[in-house]
>>> print(open('structure-v2.cif').read())   # mmCIF, C-alpha atoms
data_my_file
loop_
_atom_site.label_atom_id
_atom_site.label_comp_id
_atom_site.auth_asym_id
_atom_site.auth_seq_id
_atom_site.Cartn_x
_atom_site.Cartn_y
_atom_site.Cartn_z
CA MET A 420 -18.83 153.39 186.36
CA ASN A 421 -17.71 154.95 189.60
CA ASP A 422 -14.11 154.29 188.75
CA ILE A 423 -14.16 156.79 185.91
CA SER A 424 -13.21 159.45 188.36
CA PRO A 425 -11.69 162.82 187.55
CA GLN A 426 -8.27 162.05 188.89
CA VAL A 427 -8.04 159.02 186.65
CA VAL A 428 -9.35 160.74 183.52
CA ASP A 429 -6.81 163.49 183.97
CA GLY A 430 -3.69 162.01 182.44
CA LYS A 431 -1.13 163.66 184.69
CA ALA A 432 -2.91 163.14 187.97
CA ALA A 433 -1.63 162.60 191.46
CA ASP A 434 0.83 159.85 192.25
CA PRO A 435 1.10 156.24 191.07
CA ALA A 436 -0.77 154.90 194.06
CA ALA A 437 -4.13 156.47 193.27
CA GLN A 438 -6.61 156.60 196.06
CA GLU A 439 -9.64 154.80 194.71
CA GLY A 440 -10.87 152.48 192.00
CA GLU A 441 -8.44 149.80 190.92
CA LEU A 442 -5.09 150.57 192.39
CA PRO A 443 -2.48 150.84 189.67
CA LYS A 444 -0.42 147.71 189.95
CA VAL A 445 2.26 148.79 187.53
CA PRO A 446 3.89 152.21 187.15
CA ALA A 447 3.27 153.88 183.80
CA TRP A 448 6.98 154.11 182.97
CA GLN A 449 7.29 150.36 183.30
CA LEU A 450 4.45 149.90 180.81
CA ALA A 451 6.24 152.29 178.47
CA VAL A 452 9.51 150.36 178.77
CA THR A 453 7.79 147.02 178.25
CA PHE A 454 5.79 148.11 175.20
CA ASN A 455 8.88 149.72 173.73
CA GLU A 456 10.63 146.38 174.10
CA ILE A 457 7.65 144.62 172.49
CA ALA A 458 7.71 147.02 169.54
CA LEU A 459 11.44 146.67 168.97
CA SER A 460 11.32 142.88 169.23
CA SER A 461 8.70 142.64 166.55
CA PHE A 462 10.60 143.43 163.38
CA GLY A 463 8.47 142.30 160.48
CA GLY A 464 5.25 141.55 162.31
CA GLY A 465 4.33 139.16 165.05
CA LEU A 466 3.42 141.97 167.43
CA SER A 467 0.44 140.24 168.99
CA ALA A 468 2.49 137.14 169.75
CA TRP A 469 5.17 139.30 171.38
CA SER A 470 2.60 141.29 173.34
CA ARG A 471 1.19 138.09 174.80
CA GLU A 472 4.65 136.73 175.54
CA MET A 473 5.64 139.85 177.48
CA VAL A 474 2.37 140.76 179.20
CA VAL A 475 1.29 137.25 180.15
CA SER A 476 4.35 135.01 180.26
CA ARG A 477 7.23 137.25 181.25
CA ARG A 478 5.65 140.05 183.29
CA GLY A 479 2.65 138.11 184.59
CA TRP A 480 0.49 141.23 184.42
CA MET A 481 -2.52 139.41 183.01
CA THR A 482 -3.77 135.87 182.66
CA ASP A 483 -4.13 134.34 179.22
CA ALA A 484 -7.91 134.63 179.50
CA GLU A 485 -7.75 138.32 180.38
CA PHE A 486 -5.33 139.00 177.54
CA LEU A 487 -7.40 137.11 174.97
CA SER A 488 -10.61 138.89 175.89
CA ALA A 489 -8.73 142.20 175.72
CA MET A 490 -7.58 141.26 172.21
CA THR A 491 -11.13 140.35 171.25
CA ILE A 492 -12.48 143.72 172.33
CA CYS A 493 -9.64 145.51 170.60
CA ARG A 494 -10.42 143.72 167.36
CA ILE A 495 -13.97 145.02 167.44
CA LEU A 496 -12.94 148.60 168.07
CA PRO A 497 -11.61 150.76 165.23
CA GLY A 498 -7.89 151.42 164.99
CA ALA A 499 -4.70 149.43 164.70
CA ASN A 500 -5.14 146.28 166.76
CA GLN A 501 -1.71 146.37 168.36
CA VAL A 502 -2.06 150.00 169.40
CA ASN A 503 -5.48 149.21 170.83
CA VAL A 504 -4.15 146.22 172.78
CA ALA A 505 -1.39 148.36 174.30
CA VAL A 506 -3.89 151.03 175.36
CA PHE A 507 -6.27 148.42 176.75
CA VAL A 508 -3.57 146.68 178.77
CA GLY A 509 -2.24 150.02 180.00
CA THR A 510 -5.71 151.15 181.05
CA LYS A 511 -6.37 147.92 182.90
CA LEU A 512 -3.09 148.04 184.79
CA ALA A 513 -2.73 151.75 185.50
CA GLY A 514 -5.66 153.80 184.20
CA ALA A 515 -5.10 156.79 181.95
CA ARG A 516 -1.42 157.08 182.82
CA GLY A 517 -0.94 153.44 181.99
CA ALA A 518 -2.75 153.85 178.68
CA ALA A 519 -0.57 156.84 177.78
CA GLY A 520 2.58 155.03 178.93
CA ALA A 521 1.84 151.92 176.89
CA LEU A 522 0.94 153.95 173.79
CA VAL A 523 4.02 156.17 173.99
CA GLY A 524 6.22 153.15 174.65
CA LEU A 525 4.82 151.26 171.68
CA ILE A 526 5.09 153.94 169.01
CA THR A 527 7.69 156.58 169.93
CA VAL A 528 10.91 154.81 169.00
CA PRO A 529 9.41 153.08 165.92
CA THR A 530 8.02 156.43 164.68
CA LEU A 531 11.40 158.12 165.06
CA LEU A 532 13.09 155.20 163.31
CA LEU A 533 10.63 155.47 160.43
CA VAL A 534 11.19 159.22 160.12
CA GLY A 535 14.91 158.48 159.85
CA ILE A 536 14.26 155.80 157.25
CA ALA A 537 11.96 158.16 155.34
CA ALA A 538 14.69 160.81 155.21
CA ILE A 539 17.24 158.28 153.94
CA TYR A 540 14.71 156.97 151.42
CA ALA A 541 14.13 160.50 150.11
CA ILE A 542 17.86 160.81 149.34
CA PHE A 543 18.34 157.42 147.72
CA GLN A 544 14.95 156.79 146.14
CA LYS A 545 16.33 157.18 142.62
CA SER A 546 18.95 154.51 143.16
CA PRO A 547 18.09 151.38 141.17
CA ILE A 548 19.63 149.04 143.76
CA LEU A 549 17.49 150.51 146.55
CA HIS A 550 14.52 150.07 144.30
CA HIS A 551 15.16 146.40 143.79
CA VAL A 552 15.84 145.84 147.49
CA LEU A 553 12.55 147.55 148.33
CA GLY A 554 10.91 145.48 145.61
CA GLY A 555 12.04 142.44 147.55
CA PHE A 556 10.70 143.92 150.78
CA ALA A 557 7.41 144.64 149.01
CA ALA A 558 7.18 141.00 147.93
CA ALA A 559 7.71 139.96 151.55
CA ALA A 560 5.17 142.50 152.80
CA ILE A 561 2.56 141.29 150.33
CA ALA A 562 3.37 137.71 151.34
CA MET A 563 2.90 138.70 154.99
CA THR A 564 -0.49 140.19 154.14
CA LEU A 565 -1.53 137.05 152.26
CA SER A 566 -0.41 134.81 155.11
CA MET A 567 -2.44 136.97 157.50
CA VAL A 568 -5.46 136.46 155.25
CA TRP A 569 -4.74 132.75 155.28
CA ARG A 570 -4.42 132.54 159.08
CA THR A 571 -7.41 134.71 159.95
CA GLY A 572 -9.44 133.29 157.07
CA ARG A 573 -9.04 129.73 158.26
CA SER A 574 -10.64 130.54 161.60
CA THR A 575 -13.37 132.86 160.32
CA LEU A 576 -14.41 131.71 156.82
CA THR A 577 -16.04 128.53 158.01
CA SER A 578 -19.49 128.68 156.42
CA VAL A 579 -21.24 130.15 153.39
CA MET A 580 -22.21 133.53 154.81
CA PRO A 581 -18.77 134.54 156.08
CA ILE A 582 -17.28 133.53 152.75
CA LEU A 583 -19.85 135.65 150.91
CA LEU A 584 -19.17 138.61 153.20
CA PHE A 585 -15.43 138.18 152.71
CA ALA A 586 -15.78 137.95 148.93
CA ALA A 587 -18.20 140.88 148.68
CA THR A 588 -15.92 143.08 150.79
CA PHE A 589 -12.88 142.14 148.75
CA VAL A 590 -14.58 142.79 145.42
CA LEU A 591 -16.17 146.10 146.45
CA ASN A 592 -13.12 147.56 148.17
CA GLY A 593 -10.23 145.82 146.41
CA ILE A 594 -11.41 145.37 142.83
CA LEU A 595 -14.14 147.98 142.30
CA ARG A 596 -12.22 150.37 144.61
CA TRP A 597 -15.29 151.51 146.51
CA PRO A 598 -14.37 153.76 149.44
CA LEU A 599 -14.26 152.03 152.80
CA TRP A 600 -17.41 153.58 154.22
CA TRP A 601 -19.56 152.60 151.24
CA THR A 602 -18.19 149.10 151.43
CA LEU A 603 -18.88 148.88 155.15
CA ALA A 604 -22.31 150.48 154.74
CA ILE A 605 -23.26 147.50 152.58
CA THR A 606 -21.44 144.62 154.26
CA ALA A 607 -21.32 145.50 157.96
CA PRO A 608 -25.10 145.57 158.64
CA ILE A 609 -25.51 142.27 156.79
CA GLY A 610 -22.64 140.70 158.70
CA ILE A 611 -23.76 141.90 162.12
CA ALA A 612 -27.40 140.95 161.49
CA TRP A 613 -26.31 137.51 160.33
CA ALA A 614 -24.09 136.99 163.38
CA TRP A 615 -26.84 138.28 165.67
CA ARG A 616 -29.27 135.70 164.29
CA GLN A 617 -26.63 133.01 164.52
CA ALA A 618 -26.14 133.75 168.19
CA ALA A 619 -29.86 133.60 168.99
CA PRO A 620 -30.76 129.89 169.05
CA ALA A 621 -27.42 128.71 170.37
CA LYS A 622 -26.70 128.11 174.02
CA PRO A 623 -25.70 131.24 175.91
CA THR A 624 -22.05 131.87 175.34
CA PRO A 625 -19.96 131.78 178.50
CA PRO A 626 -18.54 135.19 179.35
CA GLY A 627 -14.96 133.99 179.06
CA PRO A 628 -12.68 134.59 176.11
CA SER A 629 -13.93 133.26 172.82
CA LEU A 630 -11.41 134.67 170.41
CA GLU A 631 -11.36 131.83 167.98
CA VAL A 632 -14.96 130.72 168.30
CA THR A 633 -16.85 131.35 165.12
CA PRO A 634 -20.52 130.78 164.50
CA GLY A 635 -19.70 128.31 161.77
CA SER A 636 -17.60 126.12 164.00
CA ALA A 637 -20.32 126.13 166.64
CA ALA A 638 -23.01 125.00 164.22
CA PRO A 639 -24.53 121.58 164.86
CA MET B 620 3.98 172.94 157.41
CA THR B 621 0.97 175.12 156.77
CA LEU B 622 -2.17 175.08 158.85
CA THR B 623 -4.11 173.80 155.84
CA LEU B 624 -1.79 170.86 155.45
CA ALA B 625 -1.91 170.10 159.16
CA LEU B 626 -5.69 170.06 159.04
CA GLN B 627 -5.67 167.87 155.94
CA LEU B 628 -3.37 165.41 157.70
CA CYS B 629 -5.63 165.34 160.76
CA GLN B 630 -8.64 164.80 158.53
CA VAL B 631 -7.12 162.07 156.37
CA PHE B 632 -5.60 160.05 159.20
CA GLY B 633 -7.95 160.96 162.04
CA ILE B 634 -11.16 160.16 160.22
CA THR B 635 -9.78 157.11 158.44
CA SER B 636 -8.51 155.67 161.74
CA LEU B 637 -12.08 155.66 163.06
CA LEU B 638 -13.04 153.43 160.12
CA ALA B 639 -10.18 151.00 160.69
CA PHE B 640 -12.32 148.07 161.76
CA GLY B 641 -10.26 144.94 161.45
CA GLY B 642 -6.92 146.57 162.13
CA GLY B 643 -4.65 149.09 160.50
CA ASN B 644 -4.11 147.12 157.31
CA ALA B 645 -7.81 147.27 156.53
CA VAL B 646 -7.51 150.97 155.69
CA ILE B 647 -4.52 150.64 153.35
CA PRO B 648 -6.76 151.00 150.25
CA GLN B 649 -8.33 154.10 151.78
CA PHE B 650 -4.92 155.64 152.54
CA GLN B 651 -3.79 154.89 149.00
CA MET B 652 -6.86 156.56 147.56
CA LEU B 653 -6.51 159.68 149.71
CA THR B 654 -2.76 160.23 149.81
CA VAL B 655 -1.92 159.19 146.24
CA GLU B 656 -5.00 159.77 144.13
CA HIS B 657 -6.64 162.65 145.94
CA TYR B 658 -3.89 164.73 147.57
CA HIS B 659 -0.91 163.57 145.46
CA TRP B 660 1.40 163.63 148.46
CA LEU B 661 3.28 160.72 146.99
CA THR B 662 3.31 158.45 143.94
CA SER B 663 1.91 154.94 143.78
CA ARG B 664 5.43 153.62 143.72
CA GLN B 665 6.40 155.57 146.83
CA PHE B 666 3.25 154.30 148.53
CA THR B 667 4.17 150.70 147.84
CA ASP B 668 7.71 151.38 149.07
CA ALA B 669 6.25 152.92 152.25
CA PHE B 670 4.09 149.86 152.80
CA ALA B 671 7.09 147.57 152.41
CA ILE B 672 9.21 149.66 154.81
CA ALA B 673 6.47 149.89 157.46
CA GLN B 674 5.85 146.15 157.34
CA ALA B 675 9.51 145.29 157.77
CA ALA B 676 10.37 147.96 160.37
CA PRO B 677 9.84 147.39 164.09
CA GLY B 678 6.60 148.48 165.69
CA PRO B 679 3.00 148.42 164.54
CA SER B 680 2.73 148.33 160.74
CA THR B 681 0.09 151.06 161.05
CA LEU B 682 3.05 153.43 161.41
CA ILE B 683 3.02 153.55 157.61
CA VAL B 684 1.16 156.77 158.44
CA SER B 685 4.46 158.23 159.70
CA LEU B 686 5.96 157.66 156.26
CA LEU B 687 2.91 159.03 154.44
CA GLY B 688 2.88 162.07 156.72
CA TYR B 689 6.60 162.60 156.14
CA ARG B 690 6.05 162.73 152.38
CA ALA B 691 3.29 165.26 152.88
CA GLY B 692 4.99 167.56 155.36
CA GLY B 693 8.37 166.38 156.60
CA VAL B 694 9.03 165.56 160.25
CA TRP B 695 6.03 167.55 161.47
CA GLY B 696 3.85 165.87 158.90
CA ALA B 697 5.00 162.49 160.20
CA LEU B 698 4.30 163.41 163.81
CA ILE B 699 0.88 164.93 163.08
CA ALA B 700 -0.17 161.98 160.91
CA THR B 701 0.91 159.50 163.59
CA ALA B 702 -0.89 161.36 166.38
CA ALA B 703 -4.02 161.70 164.24
CA MET B 704 -3.92 157.97 163.55
CA VAL B 705 -3.51 156.73 167.12
CA VAL B 706 -4.96 159.32 169.52
CA PRO B 707 -8.69 159.24 168.63
CA THR B 708 -8.90 155.45 168.58
CA SER B 709 -6.83 155.22 171.77
CA ILE B 710 -9.37 157.41 173.54
CA ILE B 711 -12.16 155.12 172.36
CA VAL B 712 -10.24 152.06 173.57
CA TYR B 713 -9.52 153.77 176.88
CA VAL B 714 -13.21 154.47 177.47
CA MET B 715 -14.19 150.97 176.42
CA ALA B 716 -11.55 149.44 178.67
CA ARG B 717 -12.90 151.42 181.63
CA LEU B 718 -16.45 150.29 180.84
CA TRP B 719 -15.29 146.74 180.32
CA ASN B 720 -13.38 146.61 183.58
CA ALA B 721 -16.41 148.10 185.31
CA GLY B 722 -18.34 145.01 184.23
CA HIS B 723 -20.29 146.37 181.30
CA GLY B 724 -20.26 144.20 178.23
CA GLU B 725 -23.32 143.20 176.28
CA HIS B 726 -22.40 139.72 175.26
CA ARG B 727 -24.74 138.95 172.42
CA LEU B 728 -24.16 142.25 170.67
CA ARG B 729 -20.43 141.99 171.25
CA HIS B 730 -20.34 138.53 169.70
CA ALA B 731 -22.54 139.63 166.82
CA VAL B 732 -20.27 142.58 166.03
CA GLN B 733 -17.13 140.49 166.39
CA ASN B 734 -18.35 137.52 164.37
CA GLY B 735 -20.09 139.62 161.76
CA MET B 736 -17.13 141.94 161.21
CA ALA B 737 -14.43 139.25 161.19
CA PRO B 738 -14.95 137.99 157.62
CA ILE B 739 -15.28 141.59 156.43
CA ALA B 740 -11.94 142.42 158.03
CA VAL B 741 -10.32 139.50 156.22
CA GLY B 742 -11.75 140.80 152.94
CA LEU B 743 -10.40 144.28 153.63
CA ILE B 744 -6.93 142.96 154.44
CA LEU B 745 -6.85 141.00 151.17
CA ALA B 746 -8.03 144.12 149.32
CA GLY B 747 -5.14 146.04 150.90
CA GLY B 748 -2.71 143.39 149.68
CA LEU B 749 -4.12 143.65 146.16
CA VAL B 750 -3.88 147.44 146.08
CA VAL B 751 -0.23 147.31 147.05
CA ALA B 752 0.58 144.36 144.78
CA ARG B 753 -0.88 146.24 141.81
CA GLU B 754 1.68 149.00 142.22
CA ALA B 755 4.67 146.76 142.88
CA GLU B 756 6.92 145.58 140.07
CA SER B 757 5.25 142.68 138.35
CA SER B 758 8.37 140.92 137.13
CA ILE B 759 8.54 137.14 137.21
CA LEU B 760 11.14 137.39 139.97
CA GLN B 761 8.83 139.55 142.06
CA LEU B 762 5.86 137.24 141.62
CA ALA B 763 7.95 134.16 142.37
CA MET B 764 9.37 135.73 145.53
CA THR B 765 5.89 136.71 146.68
CA ALA B 766 4.56 133.21 146.07
CA VAL B 767 7.43 131.43 147.80
CA ALA B 768 7.42 133.86 150.75
CA THR B 769 3.66 133.44 151.13
CA ILE B 770 3.96 129.68 151.27
CA ILE B 771 6.82 129.87 153.77
CA LEU B 772 4.93 132.29 156.03
CA CYS B 773 1.69 130.29 155.87
CA ALA B 774 3.32 126.94 156.47
CA SER B 775 5.92 127.79 159.11
CA LYS B 776 6.44 129.99 162.12
CA VAL B 777 9.65 131.49 160.81
CA ASN B 778 10.27 135.09 161.91
CA PRO B 779 8.87 137.29 159.12
CA LEU B 780 11.89 139.57 159.40
CA ILE B 781 14.11 136.76 158.12
CA VAL B 782 11.81 136.32 155.13
CA ALA B 783 11.76 140.09 154.52
CA VAL B 784 15.56 140.40 154.66
CA CYS B 785 16.01 137.39 152.35
CA CYS B 786 13.58 138.90 149.83
CA GLY B 787 15.30 142.29 150.03
CA VAL B 788 18.76 140.81 149.51
CA LEU B 789 17.52 138.56 146.70
CA GLY B 790 15.80 141.51 145.03
CA GLY B 791 19.00 143.54 145.18
CA LEU B 792 21.32 140.73 144.06
CA LEU B 793 19.28 139.20 141.25
CA SER B 794 18.59 142.52 139.59
CA ALA B 795 22.22 143.63 139.62
#
>>> encode(input="structure-v2.cif", output="structure tokens")
Amino acid sequence: MNDISPQVVDGKAADPAAQEGELPKVPAWQLAVTFNEIALSSFGGGLSAWSREMVVSRRGWMTDAEFLSAMTICRILPGANQVNVAVFVGTKLAGARGAAGALVGLITVPTLLLVGIAAIYAIFQKSPILHHVLGGFAAAAIAMTLSMVWRTGRSTLTSVMPILLFAATFVLNGILRWPLWWTLAITAPIGIAWAWRQAAPAKPTPPGPSLEVTPGSAAP
Amino acid sequence: MTLTLALQLCQVFGITSLLAFGGGNAVIPQFQMLTVEHYHWLTSRQFTDAFAIAQAAPGPSTLIVSLLGYRAGGVWGALIATAAMVVPTSIIVYVMARLWNAGHGEHRLRHAVQNGMAPIAVGLILAGGLVVAREAESSILQLAMTAVATIILCASKVNPLIVAVCCGVLGGLLSA
């Protein structure tokens, strides 16, 4: 805990070569540039693949194992996964400045682009052609969502209980339109308790990355 | 941009972001409920259009909040909504990353939370897809494009942008 020191918590502190804790290996501006590049390369999804490609393969800032465990933690935490990964990587490489740099790099240009698109949309939204083009984009976006369900579902819905949790969540939130917190109030305790019991008799899990390991696949 | 609206934006996006377990798409139904049904900042149709634009545009798809904020309060609305969406969770991630790097990490609880929440997240993502699909045009063409695009995206590693552009062009051409 000693590395949560005031000069690191303060976002605009000192100089890049901080005096104690982990020395920042990468300047914050370079994180910003890199995550901006990641964001702009990822038209139409695929952000996590691009993040790995840049952070691990091209920049060599992290090993695959480090990156995967970072992704795992970021999946547990609330918030958009890709934003979380950027903040996590930034924090690891350069503390608070790195976190801010990665976050700003990831979202600034895309946000401005979207504001521009929103303004154009507001002018042309009555146009029937635009409507049909966006209808096509909506079909693709729904398809992207379904393929995400397919990909993540294949690795997680491997036994009866996960399938029940998945189905219950979908019905409560998607079909009955329960608000998110009511849905989670029902399903999350059941899911965590189930996974906790699953973990008990098994051999102790090695501390390394275990992104794709599911209790079902580890069952005898 | 009134103070009331600014506070509403912070509340809608700030609080919802803290519930976004399983990624940004898991809170799409919640956003739809709040921005369309509760505050009437935009119509269902505009919401579905915003979802489509945010998915296809570069950057995290969670930046749909920029579009929703823009409908509510213009450029400032977009900026406030985006900040409310990313800043609180980023602070949490920052603190967790510090703790993690300092060697704290309770493995059994971490695995229980991760494994227990994973199927729930998948359910929430599918629910988000359904909410958006409900509002989209339900023509035969639309359904066929969705089905074909889904199969292509599941079965291949083709860049989703190519699929999105093809669907957009097809939608424009075939309706004309």
>>> closest_residue(input="structure-v2.cif", among="B:Leu698, B:Met715, B:Ile634, B:Ala669", to="B:Leu686", atoms="all atoms listed in the file")
B:Ala669
>>> residues_around(input="structure-v2.cif", residues="B:Gly696", least_positions_apart="2", cutoff="10 Å", atoms="only C-alpha atoms", output="PyMOL selection string")
(chain A and resi 534) or (chain B and resi 620-621+624-625+628-629+684-694+698-702)
>>> write_last_selection(input="structure-v2.cif", atoms="C-alpha atoms", output="PDB file, in the coordinates of the input")
ATOM      1  CA  VAL A 534      11.190 159.220 160.120  1.00  0.00           C
TER       2      VAL A 534
ATOM      3  CA  MET B 620       3.980 172.940 157.410  1.00  0.00           C
ATOM      4  CA  THR B 621       0.970 175.120 156.770  1.00  0.00           C
ATOM      5  CA  LEU B 624      -1.790 170.860 155.450  1.00  0.00           C
ATOM      6  CA  ALA B 625      -1.910 170.100 159.160  1.00  0.00           C
ATOM      7  CA  LEU B 628      -3.370 165.410 157.700  1.00  0.00           C
ATOM      8  CA  CYS B 629      -5.630 165.340 160.760  1.00  0.00           C
ATOM      9  CA  VAL B 684       1.160 156.770 158.440  1.00  0.00           C
ATOM     10  CA  SER B 685       4.460 158.230 159.700  1.00  0.00           C
ATOM     11  CA  LEU B 686       5.960 157.660 156.260  1.00  0.00           C
ATOM     12  CA  LEU B 687       2.910 159.030 154.440  1.00  0.00           C
ATOM     13  CA  GLY B 688       2.880 162.070 156.720  1.00  0.00           C
ATOM     14  CA  TYR B 689       6.600 162.600 156.140  1.00  0.00           C
ATOM     15  CA  ARG B 690       6.050 162.730 152.380  1.00  0.00           C
ATOM     16  CA  ALA B 691       3.290 165.260 152.880  1.00  0.00           C
ATOM     17  CA  GLY B 692       4.990 167.560 155.360  1.00  0.00           C
ATOM     18  CA  GLY B 693       8.370 166.380 156.600  1.00  0.00           C
ATOM     19  CA  VAL B 694       9.030 165.560 160.250  1.00  0.00           C
ATOM     20  CA  LEU B 698       4.300 163.410 163.810  1.00  0.00           C
ATOM     21  CA  ILE B 699       0.880 164.930 163.080  1.00  0.00           C
ATOM     22  CA  ALA B 700      -0.170 161.980 160.910  1.00  0.00           C
ATOM     23  CA  THR B 701       0.910 159.500 163.590  1.00  0.00           C
ATOM     24  CA  ALA B 702      -0.890 161.360 166.380  1.00  0.00           C
TER      25      ALA B 702
END
>>> axis_aligned_box(input="structure-v2.cif", around="stretch 707-720 of chain B", padding_each_side="6 Å", output="AutoDock Vina command-line options")
--center_x -11.6 --center_y 152.9 --center_z 176.1 --size_x 21.6 --size_y 24.6 --size_z 27.0
>>> interface_residues(input="structure-v2.cif", of="chain B", to="chain A", cutoff="6 Å", atoms="only C-alpha atoms", output="number ranges by chain")
B: 636-640, 642-643, 671, 674-678, 708, 716, 721, 731-735, 738-739, 741-743, 746, 748, 765, 768-769, 772-773, 779-780, 783, 786-787, 790-791
>>> write_last_selection(input="structure-v2.cif", atoms="C-alpha atoms", output="PDB file, keeping the file's coordinate frame")
ATOM      1  CA  SER B 636      -8.510 155.670 161.740  1.00  0.00           C
ATOM      2  CA  LEU B 637     -12.080 155.660 163.060  1.00  0.00           C
ATOM      3  CA  LEU B 638     -13.040 153.430 160.120  1.00  0.00           C
ATOM      4  CA  ALA B 639     -10.180 151.000 160.690  1.00  0.00           C
ATOM      5  CA  PHE B 640     -12.320 148.070 161.760  1.00  0.00           C
ATOM      6  CA  GLY B 642      -6.920 146.570 162.130  1.00  0.00           C
ATOM      7  CA  GLY B 643      -4.650 149.090 160.500  1.00  0.00           C
ATOM      8  CA  ALA B 671       7.090 147.570 152.410  1.00  0.00           C
ATOM      9  CA  GLN B 674       5.850 146.150 157.340  1.00  0.00           C
ATOM     10  CA  ALA B 675       9.510 145.290 157.770  1.00  0.00           C
ATOM     11  CA  ALA B 676      10.370 147.960 160.370  1.00  0.00           C
ATOM     12  CA  PRO B 677       9.840 147.390 164.090  1.00  0.00           C
ATOM     13  CA  GLY B 678       6.600 148.480 165.690  1.00  0.00           C
ATOM     14  CA  THR B 708      -8.900 155.450 168.580  1.00  0.00           C
ATOM     15  CA  ALA B 716     -11.550 149.440 178.670  1.00  0.00           C
ATOM     16  CA  ALA B 721     -16.410 148.100 185.310  1.00  0.00           C
ATOM     17  CA  ALA B 731     -22.540 139.630 166.820  1.00  0.00           C
ATOM     18  CA  VAL B 732     -20.270 142.580 166.030  1.00  0.00           C
ATOM     19  CA  GLN B 733     -17.130 140.490 166.390  1.00  0.00           C
ATOM     20  CA  ASN B 734     -18.350 137.520 164.370  1.00  0.00           C
ATOM     21  CA  GLY B 735     -20.090 139.620 161.760  1.00  0.00           C
ATOM     22  CA  PRO B 738     -14.950 137.990 157.620  1.00  0.00           C
ATOM     23  CA  ILE B 739     -15.280 141.590 156.430  1.00  0.00           C
ATOM     24  CA  VAL B 741     -10.320 139.500 156.220  1.00  0.00           C
ATOM     25  CA  GLY B 742     -11.750 140.800 152.940  1.00  0.00           C
ATOM     26  CA  LEU B 743     -10.400 144.280 153.630  1.00  0.00           C
ATOM     27  CA  ALA B 746      -8.030 144.120 149.320  1.00  0.00           C
ATOM     28  CA  GLY B 748      -2.710 143.390 149.680  1.00  0.00           C
ATOM     29  CA  THR B 765       5.890 136.710 146.680  1.00  0.00           C
ATOM     30  CA  ALA B 768       7.420 133.860 150.750  1.00  0.00           C
ATOM     31  CA  THR B 769       3.660 133.440 151.130  1.00  0.00           C
ATOM     32  CA  LEU B 772       4.930 132.290 156.030  1.00  0.00           C
ATOM     33  CA  CYS B 773       1.690 130.290 155.870  1.00  0.00           C
ATOM     34  CA  PRO B 779       8.870 137.290 159.120  1.00  0.00           C
ATOM     35  CA  LEU B 780      11.890 139.570 159.400  1.00  0.00           C
ATOM     36  CA  ALA B 783      11.760 140.090 154.520  1.00  0.00           C
ATOM     37  CA  CYS B 786      13.580 138.900 149.830  1.00  0.00           C
ATOM     38  CA  GLY B 787      15.300 142.290 150.030  1.00  0.00           C
ATOM     39  CA  GLY B 790      15.800 141.510 145.030  1.00  0.00           C
ATOM     40  CA  GLY B 791      19.000 143.540 145.180  1.00  0.00           C
TER      41      GLY B 791
END
>>> atom_distance(input="structure-v2.cif", atom1="atom CA of A:Lys545", atom2="atom CA of B:Val750")
22.7 Å
>>> resolve_selection(input="structure-v2.cif", expression="the PyMOL selection byres ((chain B and resi 751) around 8)", output="PyMOL selection string")
(chain A and resi 561) or (chain B and resi 666-667+670+747-750+752-755)
>>> write_last_selection(input="structure-v2.cif", atoms="C-alpha atoms", output="tab-separated table (two decimals), in the coordinates of the input")
chain	number	residue	atom	x	y	z
A	561	ILE	CA	2.56	141.29	150.33
B	666	PHE	CA	3.25	154.30	148.53
B	667	THR	CA	4.17	150.70	147.84
B	670	PHE	CA	4.09	149.86	152.80
B	747	GLY	CA	-5.14	146.04	150.90
B	748	GLY	CA	-2.71	143.39	149.68
B	749	LEU	CA	-4.12	143.65	146.16
B	750	VAL	CA	-3.88	147.44	146.08
B	752	ALA	CA	0.58	144.36	144.78
B	753	ARG	CA	-0.88	146.24	141.81
B	754	GLU	CA	1.68	149.00	142.22
B	755	ALA	CA	4.67	146.76	142.88
>>> atom_distance(input="structure-v2.cif", atom1="atom CA of A:Trp448", atom2="atom CA of A:Ala513")
10.3 Å
>>> closest_residue(input="structure-v2.cif", among="A:Val474, A:Ala468, A:Ile542, A:Val579", to="A:Leu450", atoms="all atoms listed in the file")
A:Val474
>>> closest_residue(input="structure-v2.cif", among="B:Leu760, B:Ala703, B:Val646, B:Leu661", to="B:Leu626", atoms="only C-alpha atoms")
B:Ala703
>>> atom_distance(input="structure-v2.cif", atom1="atom CA of B:Ala763", atom2="atom CA of A:Trp469")
29.6 Å
>>> build_atoms(input="structure-v2.cif", residues="stretch 577-581 of chain A", atoms="N, CA and C atoms", output="PDB file, in the coordinates of the input")
ATOM      1  N   THR A 577     -15.730 129.936 157.770  1.00  0.00           N
ATOM      2  CA  THR A 577     -16.040 128.530 158.010  1.00  0.00           C
ATOM      3  C   THR A 577     -17.415 128.134 157.513  1.00  0.00           C
ATOM      4  N   SER A 578     -18.209 129.069 157.009  1.00  0.00           N
ATOM      5  CA  SER A 578     -19.490 128.680 156.420  1.00  0.00           C
ATOM      6  C   SER A 578     -19.800 129.629 155.260  1.00  0.00           C
ATOM      7  N   VAL A 579     -20.940 129.440 154.631  1.00  0.00           N
ATOM      8  CA  VAL A 579     -21.240 130.150 153.390  1.00  0.00           C
ATOM      9  C   VAL A 579     -21.287 131.668 153.596  1.00  0.00           C
ATOM     10  N   MET A 580     -21.996 132.089 154.628  1.00  0.00           N
ATOM     11  CA  MET A 580     -22.210 133.530 154.810  1.00  0.00           C
ATOM     12  C   MET A 580     -20.919 134.298 155.044  1.00  0.00           C
ATOM     13  N   PRO A 581     -20.044 133.823 155.938  1.00  0.00           N
ATOM     14  CA  PRO A 581     -18.770 134.540 156.080  1.00  0.00           C
ATOM     15  C   PRO A 581     -17.975 134.601 154.788  1.00  0.00           C
TER      16      PRO A 581
END
